[in-house]
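What follows is one structure encoded as structure tokens, with my remarks underneath.
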Amino acid sequence: MLQITRQTEYAIRGLQELARQNDEAPVQLKVIAGACEVSEAFLAKIFQMLAQAGVVKSHRGVKGGFSLGRDASEVSLREIVEICEGGIVLNHCLRKVDPCKDADTCAVANVWREAQDALTGALDKTYLADVI
């Protein structure tokens, strides 16, 4: 079965909720986690990665929480998937590091490349704002 991890799914769900509530005040993690029915600890780990990438901002203190780091219309689903998954590669032959030695001549590699391009293209043209 080929599917994204729960981490990526929860990242998208958490960002959707954050974008829906995005007024000027940060949203507490427990509010986002509760709305998404996700473990607060797991969502905290995910939001740390998203904060390092600048997708969200972390705010400390009593009125702390998270806010979007950029407008929802500027965050593509591809960016979110790549942050959480470490890239998008449908088969090892398409890896940039240590690819299959036959990738340039293998007919199946071309099919993998075409499928990967279709997936990344769909994710590239879909933004967080489109899915809230």
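Chain identifiers are assigned as A, B, and so on, following the order in which chains appear in the structure tokens; residues are numbered from 1 within each chain, and ligands are numbered from 1 in order of appearance.
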
Set the distance at 12 Å and use only C-alpha atoms: which residues neighbour stretch 37-41 of chain A once local chain neighbours fewer than 2 positions away are removed? I'd like the list as a CSV table (one decimal) with N, CA, C and O atoms, in the first residue's frame.
```
chain,number,residue,atom,x,y,z
A,6,ARG,N,0.9,9.1,8.9
A,6,ARG,CA,0.0,9.8,9.7
A,6,ARG,C,0.5,11.2,10.1
A,6,ARG,O,-0.2,12.2,10.3
A,7,GLN,N,1.9,11.3,10.2
A,7,GLN,CA,2.5,12.5,10.5
A,7,GLN,C,2.1,13.6,9.5
A,7,GLN,O,1.8,14.7,9.8
A,9,GLU,N,-0.5,13.5,7.4
A,9,GLU,CA,-1.9,13.7,7.5
A,9,GLU,C,-2.3,14.7,8.6
A,9,GLU,O,-3.0,15.6,8.5
A,10,TYR,N,-1.7,14.4,9.8
A,10,TYR,CA,-1.9,15.3,10.9
A,10,TYR,C,-1.4,16.7,10.7
A,10,TYR,O,-1.9,17.7,11.2
A,11,ALA,N,-0.2,16.8,10.0
A,11,ALA,CA,0.3,18.1,9.7
A,11,ALA,C,-0.7,18.9,8.9
A,11,ALA,O,-1.0,20.1,9.2
A,12,ILE,N,-1.3,18.3,7.9
A,12,ILE,CA,-2.2,19.0,7.0
A,12,ILE,C,-3.5,19.3,7.8
A,12,ILE,O,-4.0,20.5,7.8
A,13,ARG,N,-4.0,18.4,8.6
A,13,ARG,CA,-5.2,18.6,9.4
A,13,ARG,C,-5.0,19.8,10.4
A,13,ARG,O,-5.8,20.6,10.6
A,14,GLY,N,-3.8,19.7,11.1
A,14,GLY,CA,-3.5,20.8,12.0
A,14,GLY,C,-3.3,22.1,11.4
A,14,GLY,O,-3.8,23.1,12.0
A,17,GLU,N,-6.8,23.5,10.5
A,17,GLU,CA,-7.5,24.0,11.7
A,17,GLU,C,-6.8,25.4,12.1
A,17,GLU,O,-7.5,26.3,12.4
A,28,GLN,N,-3.6,28.0,20.7
A,28,GLN,CA,-2.9,27.0,21.6
A,28,GLN,C,-2.9,25.6,20.9
A,28,GLN,O,-3.9,25.2,20.3
A,29,LEU,N,-1.8,24.9,21.1
A,29,LEU,CA,-1.7,23.6,20.5
A,29,LEU,C,-2.8,22.6,21.0
A,29,LEU,O,-3.3,21.9,20.2
A,30,LYS,N,-3.2,22.7,22.2
A,30,LYS,CA,-4.3,21.8,22.7
A,30,LYS,C,-5.6,22.1,22.0
A,30,LYS,O,-6.4,21.1,21.8
A,31,VAL,N,-5.8,23.3,21.6
A,31,VAL,CA,-7.1,23.6,20.9
A,31,VAL,C,-7.0,23.0,19.5
A,31,VAL,O,-8.0,22.4,19.0
A,32,ILE,N,-5.9,23.1,18.8
A,32,ILE,CA,-5.7,22.5,17.5
A,32,ILE,C,-5.8,21.0,17.6
A,32,ILE,O,-6.5,20.4,16.8
A,33,ALA,N,-5.0,20.4,18.5
A,33,ALA,CA,-5.0,19.0,18.7
A,33,ALA,C,-6.4,18.4,19.0
A,33,ALA,O,-6.8,17.4,18.5
A,34,GLY,N,-7.2,19.1,19.9
A,34,GLY,CA,-8.5,18.7,20.2
A,34,GLY,C,-9.4,18.7,19.0
A,34,GLY,O,-10.2,17.8,18.8
A,35,ALA,N,-9.4,19.8,18.2
A,35,ALA,CA,-10.2,19.9,17.0
A,35,ALA,C,-9.9,18.9,16.0
A,35,ALA,O,-10.8,18.4,15.3
A,43,LEU,N,1.4,16.2,17.8
A,43,LEU,CA,1.2,17.4,17.0
A,43,LEU,C,2.3,18.4,17.4
A,43,LEU,O,2.7,19.1,16.5
A,44,ALA,N,2.7,18.4,18.6
A,44,ALA,CA,3.8,19.3,19.0
A,44,ALA,C,5.1,19.0,18.2
A,44,ALA,O,5.8,19.9,17.7
A,45,LYS,N,5.4,17.7,18.1
A,45,LYS,CA,6.6,17.3,17.3
A,45,LYS,C,6.4,17.7,15.8
A,45,LYS,O,7.4,18.2,15.2
A,46,ILE,N,5.3,17.5,15.3
A,46,ILE,CA,5.0,17.9,13.9
A,46,ILE,C,5.1,19.4,13.7
A,46,ILE,O,5.8,19.9,12.8
A,47,PHE,N,4.5,20.2,14.6
A,47,PHE,CA,4.6,21.6,14.5
A,47,PHE,C,6.0,22.2,14.7
A,47,PHE,O,6.3,23.3,14.2
A,48,GLN,N,6.8,21.5,15.5
A,48,GLN,CA,8.2,21.9,15.6
A,48,GLN,C,8.9,21.8,14.2
A,48,GLN,O,9.6,22.8,13.9
```

For A:Val56, work out the shell of residues within 8 Å, counting only C-alpha atoms and skipping chain neighbours fewer than 2 positions away, then give it as a list in words. Phe47, Leu50, Ala51, Ala53, Gly54, Ser58, Phe66, Ser67, Leu68, Gly69 and Arg70 of chain A

For atom CA of A:Trp112 and atom CA of A:Val75, determine how far apart the two atoms are, in Å to one decimal place. 25.8 Å

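If only C-alpha atoms are the atoms counted, then among A:Ala72, A:Met49, A:Ala25, A:Leu90 the closest residue to A:Leu2 is A:Leu90.
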
Mind the document's chain letters and residue numbers, and return as an NGL selection string the residues of stretch 46-119 of chain A that DSSP labels alpha helix (DSSP H). :A and (46-52 or 77-85 or 107-119)

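In this comparison, which uses only C-alpha atoms, the residue of A:Ala107, A:Arg20, A:Leu15, A:Arg78 approaching A:Val55 most closely is A:Leu15.
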
With distances taken over only C-alpha atoms, the candidate from A:Thr105, A:Gln21, A:Asn110, A:Ser73 nearest A:Asn91 is A:Asn110
